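Take a look at the structure below.
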Amino acid sequence: MFFQHIYDKSLAQASYLIGCQAKGEALVIDAKRDIDTYLQIAKENNLSIKHITETHIHADFLSGSRELAEVTGAKMYLSNEGGEDWQYEFPHIGLTNGDTIKVGNLTLEAIHTPGHTPESISFLLTDHPAADEPVMIFTGDFIFVGDIGRPDLLEKAAGITGTQEQGAKEMYHSLLDFSKLPEFIQVWPGHGAGSACGKSLGAVPSSTVGYEKIRNWAFQYEDNETGFIEYLLDDQPEPPKYFAMMKKLNKVERPLLIEVPKHQKLSKEEFLDAYSRGVKIIDTRNKEDFAKGFLAESINIQGNNSFSTWMGWIIDYSETFILVAKDEQMEDLTRKLMRIGMDQMMGYIDKVESLGLDLKTADIINIEEFKTYLNREDVLVIDVRNKTEYETAHIENAENVFVGTLEDNLDKISRGKQIVIHCQSGDRATIAYSVLKNNGFENVKNFSGGMKEWLGKGNSIKK
């Protein structure tokens, strides 16, 4: 058996390429959209991708299953469970509980594991030349290391009301079935730490059934379904806005993108024309460089591992945009955008200094100056972290407006007051600062040290 775990750090998303080396066949589970990764792995190991499958209709990334099927001609096997409202709306081979996929001398049995979503399935892998018992289970967003999939996304992200309680009940019963599996079976989930698909995912890539039964909180509610549901639904992180679009695009017919596109580097004239027409500018430089000189109305979303998530929060899929980024960054940034289906980039520029435009500078303040603005009637201190972080610990009298929903809550922010923003360590605050400036707020200061520096200096907090 050939096995490779492929992990996208930017979305904390796992996919898998599994092959039978004797027969030269391979299967891919939960493919990301930049499919060249799988083609290269298969080529290097003399495997032919003949089968493609998914654990469920994903909300956090745009699946590359259809792109991979287009290029390889492989058969695509997808869940037909969950009822008529949860069916994939494009051609595929349907799977229901107990169906199997044969990959040479390997078999994968589909197990219906509803809870995270109604159609969710897991795959139990048996390597027949080695053993008659299954050795691995691929759980998608059902079981994570130390956590389980959240059942509230359909309601919070996709707006399908009344689904989270039902999903939590289904999850409870799916866990009961899972707990009956042999404890030696390896568990390979769809996500790791940093994903918004759960609230306390572990950082290690895999586990076992036995380990999860001991250490995963979800298995500690035996005969207490009510307590399980309450805990599962409590304090889940805010789902990024782009999740709703992913749910739609992963279910319906859509254009395919089978290669990583190469975006145009714009000339000064091309950029200035687009800028004058109001095309959105996303500056991917680090927050320190952005603060020293940035284009008016540009948004600073740094090109790090969180880039695609914040793009999905801040940028609407109907908006064309231009990146400020170095030449050598563009392939990485393009891949990250591909993975959430954000394909509407016009192009990029690598410098802002040579455009002949007046650059703005950010008003960054240190902790001592920040203290002078606290508890003043003419000042509004805004903590742009998420609700759970804020409720765990915050600075007294700071208001909480999460950066991801900031633009939806501008009416709650007084333009007549001095605004001072902060987050945990500055990355989200630079997004918030640029969003506020882009929306015409003049009196904005950024305490970039944030809660990390505040707590590090031993200052008091509210809980």
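Note on naming: chains are A, B, ... as they come in the structure tokens, residues start from 1 per chain, ligands start from 1 in the order shown.
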Using only C-alpha atoms, tabulate the residues of range 430-451 of chain A lying at most 10 Å from any atom of range 312-329 of chain A, each with its closest atom pair and that distance in Å to one decimal, by chain and increasing residue number, as a Markdown table.
| residue | atom | partner | partner_atom | distance |
| --- | --- | --- | --- | --- |
| A:Ile431 | CA | A:Ile314 | CA | 8.9 |
| A:Ala432 | CA | A:Ile314 | CA | 9.9 |
| A:Val435 | CA | A:Ile314 | CA | 8.8 |
Contacts of range 164-167 of chain A at 7 Å or less, counting only C-alpha atoms, minus same-chain residues fewer than 4 places along, as a PyMOL selection string? chain A and resi 115-117+151-152+155+171
Surrounding residues of Lys287 in chain A excluding itself and chain neighbours under 2 positions, 10 Å, only C-alpha atoms, as a list in words: Asp283, Thr284, Arg285, Asp289, Phe290, Ala291, Lys292, Asn300, Ile301, Gln302, Ala362, Gly426, Asp427, Arg428, Ala429, Thr430, Ile431 and Ser448 of chain A
So that I can check the secondary structure, give me every residue of range 420-454 of chain A assigned strand (DSSP E) by backbone DSSP, as a PyMOL selection string. chain A and resi 420-422+444-447
May I have the residues from that selection written out with all heavy atoms, as a CSV table (one decimal), in the first residue's frame?
chain,number,residue,atom,x,y,z
A,420,VAL,N,-9.4,53.7,18.8
A,420,VAL,CA,-8.2,52.9,19.0
A,420,VAL,C,-8.5,51.5,18.9
A,420,VAL,O,-9.3,50.9,19.6
A,420,VAL,CB,-7.6,53.3,20.4
A,420,VAL,CG1,-6.2,52.6,20.5
A,420,VAL,CG2,-7.4,54.8,20.6
A,421,ILE,N,-7.8,50.8,18.0
A,421,ILE,CA,-8.0,49.3,17.8
A,421,ILE,C,-6.9,48.5,18.3
A,421,ILE,O,-5.7,49.0,18.3
A,421,ILE,CB,-8.4,49.1,16.3
A,421,ILE,CG1,-7.2,49.5,15.4
A,421,ILE,CG2,-9.6,49.7,15.9
A,421,ILE,CD1,-7.3,49.0,14.0
A,422,HIS,N,-7.2,47.3,18.6
A,422,HIS,CA,-6.1,46.3,18.9
A,422,HIS,C,-6.7,44.9,18.7
A,422,HIS,O,-7.9,44.7,18.6
A,422,HIS,CB,-5.6,46.5,20.3
A,422,HIS,CG,-6.5,46.0,21.4
A,422,HIS,ND1,-6.5,44.6,21.8
A,422,HIS,CD2,-7.5,46.6,22.1
A,422,HIS,CE1,-7.5,44.5,22.7
A,422,HIS,NE2,-8.0,45.6,22.9
A,444,VAL,N,-8.3,57.2,13.6
A,444,VAL,CA,-8.0,55.8,14.0
A,444,VAL,C,-6.6,55.6,14.4
A,444,VAL,O,-5.7,56.1,13.7
A,444,VAL,CB,-8.3,54.9,12.8
A,444,VAL,CG1,-8.2,53.4,13.3
A,444,VAL,CG2,-9.7,55.1,12.2
A,445,LYS,N,-6.4,55.0,15.5
A,445,LYS,CA,-5.0,54.6,16.0
A,445,LYS,C,-5.0,53.1,16.2
A,445,LYS,O,-6.0,52.5,16.6
A,445,LYS,CB,-4.6,55.4,17.3
A,445,LYS,CG,-4.5,56.9,17.0
A,445,LYS,CD,-4.2,57.6,18.3
A,445,LYS,CE,-4.1,59.1,18.1
A,445,LYS,NZ,-3.1,59.6,17.2
A,446,ASN,N,-3.8,52.6,16.0
A,446,ASN,CA,-3.6,51.1,16.1
A,446,ASN,C,-2.6,50.8,17.2
A,446,ASN,O,-1.4,51.1,17.1
A,446,ASN,CB,-3.1,50.6,14.8
A,446,ASN,CG,-2.9,49.1,14.8
A,446,ASN,OD1,-3.1,48.4,15.8
A,446,ASN,ND2,-2.4,48.5,13.7
A,447,PHE,N,-3.1,50.2,18.3
A,447,PHE,CA,-2.2,49.7,19.3
A,447,PHE,C,-1.8,48.3,18.8
A,447,PHE,O,-2.4,47.3,19.1
A,447,PHE,CB,-2.8,49.6,20.7
A,447,PHE,CG,-2.1,48.9,21.7
A,447,PHE,CD1,-0.7,49.0,21.9
A,447,PHE,CD2,-2.7,48.0,22.6
A,447,PHE,CE1,0.0,48.2,22.8
A,447,PHE,CE2,-2.0,47.2,23.5
A,447,PHE,CZ,-0.7,47.4,23.6
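A straight line drawn from CA of Leu436 in chain A to CA of Val379 in chain A is 15.3 Å long.
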Select from range 21-127 of chain A every residue with an atom at most 10 Å from any atom of range 181-194 of chain A, then for each give the shortest pair of atoms and their distance in Å to one decimal, using only C-alpha atoms, rows by chain and rising number, as CSV.
residue,atom,partner,partner_atom,distance
A:Ile29,CA,A:Gly190,CA,9.3
A:Asp30,CA,A:Gly190,CA,7.8
A:Thr55,CA,A:Gly190,CA,8.5
A:Ser122,CA,A:Pro189,CA,9.4
A:Phe123,CA,A:Trp188,CA,9.8
A:Leu124,CA,A:Ile185,CA,9.0
A:Leu125,CA,A:Ile185,CA,9.3
Among the residues A:Lys463, A:Lys371, A:Lys452, A:Lys262, the one that comes closest to Thr392 in chain A [using only C-alpha atoms]: A:Lys463
If we count only C-alpha atoms and set the cut-off at 12 Å, which residues sit around Gly356 in chain A, ignoring sequence neighbours fewer than 2 positions away in its own chain? Please answer as an MDAnalysis selection string. chainID A and resid 268:269 271:272 295 351:354 358:359
Could you turn the residues from that selection into a file that holds N, CA and C atoms, as a PDB file, in the first residue's frame?
ATOM      1  N   LYS A 268       2.366  50.540 -14.765  1.00  0.00           N
ATOM      2  CA  LYS A 268       1.939  51.695 -13.976  1.00  0.00           C
ATOM      3  C   LYS A 268       0.634  52.258 -14.531  1.00  0.00           C
ATOM      4  N   GLU A 269       0.545  52.369 -15.839  1.00  0.00           N
ATOM      5  CA  GLU A 269      -0.643  52.947 -16.468  1.00  0.00           C
ATOM      6  C   GLU A 269      -1.864  52.050 -16.265  1.00  0.00           C
ATOM      7  N   PHE A 271      -2.341  49.927 -13.848  1.00  0.00           N
ATOM      8  CA  PHE A 271      -2.746  49.977 -12.443  1.00  0.00           C
ATOM      9  C   PHE A 271      -3.493  51.266 -12.127  1.00  0.00           C
ATOM     10  N   LEU A 272      -2.943  52.405 -12.562  1.00  0.00           N
ATOM     11  CA  LEU A 272      -3.567  53.691 -12.234  1.00  0.00           C
ATOM     12  C   LEU A 272      -4.962  53.797 -12.825  1.00  0.00           C
ATOM     13  N   LEU A 295      -1.146  52.744  -0.078  1.00  0.00           N
ATOM     14  CA  LEU A 295      -2.077  53.440  -0.949  1.00  0.00           C
ATOM     15  C   LEU A 295      -3.388  53.697  -0.230  1.00  0.00           C
ATOM     16  N   LYS A 351       5.345  47.072  -6.289  1.00  0.00           N
ATOM     17  CA  LYS A 351       5.769  48.242  -5.512  1.00  0.00           C
ATOM     18  C   LYS A 351       4.650  49.271  -5.491  1.00  0.00           C
ATOM     19  N   VAL A 352       4.602  50.051  -4.429  1.00  0.00           N
ATOM     20  CA  VAL A 352       3.660  51.170  -4.372  1.00  0.00           C
ATOM     21  C   VAL A 352       4.394  52.507  -4.455  1.00  0.00           C
ATOM     22  N   GLU A 353       5.728  52.478  -4.289  1.00  0.00           N
ATOM     23  CA  GLU A 353       6.485  53.725  -4.196  1.00  0.00           C
ATOM     24  C   GLU A 353       6.676  54.421  -5.534  1.00  0.00           C
ATOM     25  N   SER A 354       6.579  53.684  -6.644  1.00  0.00           N
ATOM     26  CA  SER A 354       6.913  54.258  -7.953  1.00  0.00           C
ATOM     27  C   SER A 354       5.681  54.623  -8.779  1.00  0.00           C
ATOM     28  N   ASP A 358       0.567  59.840  -3.607  1.00  0.00           N
ATOM     29  CA  ASP A 358       0.902  60.119  -2.212  1.00  0.00           C
ATOM     30  C   ASP A 358       0.546  58.906  -1.363  1.00  0.00           C
ATOM     31  N   LEU A 359       1.505  58.440  -0.584  1.00  0.00           N
ATOM     32  CA  LEU A 359       1.274  57.286   0.279  1.00  0.00           C
ATOM     33  C   LEU A 359       0.858  57.741   1.677  1.00  0.00           C
TER      34      LEU A 359
END
Would you return as a count of residues only the members of range 287-417 of chain A that DSSP assigns to alpha helix (DSSP H) on this structure's backbone? 35
Quick one: residues within 9 Å of Asn250 in chain A, only C-alpha atoms counted, chain neighbours fewer than 2 positions away excluded, as a ChimeraX atom specification? /A:57-59,61-63,88,245-248,252-254
When you draw a straight line from CA of Asp147 in chain A to CA of Ser306 in chain A, how long is it in Å? 21.4 Å
Using CA of Gly347 in chain A and CA of Gln264 in chain A as the two end points, give the distance in Å to one decimal. 4.8 Å
Arg385 in chain A proximity check over A:Asp273, A:Glu119, A:Glu399, A:Glu133, using only C-alpha atoms: winner is A:Glu399
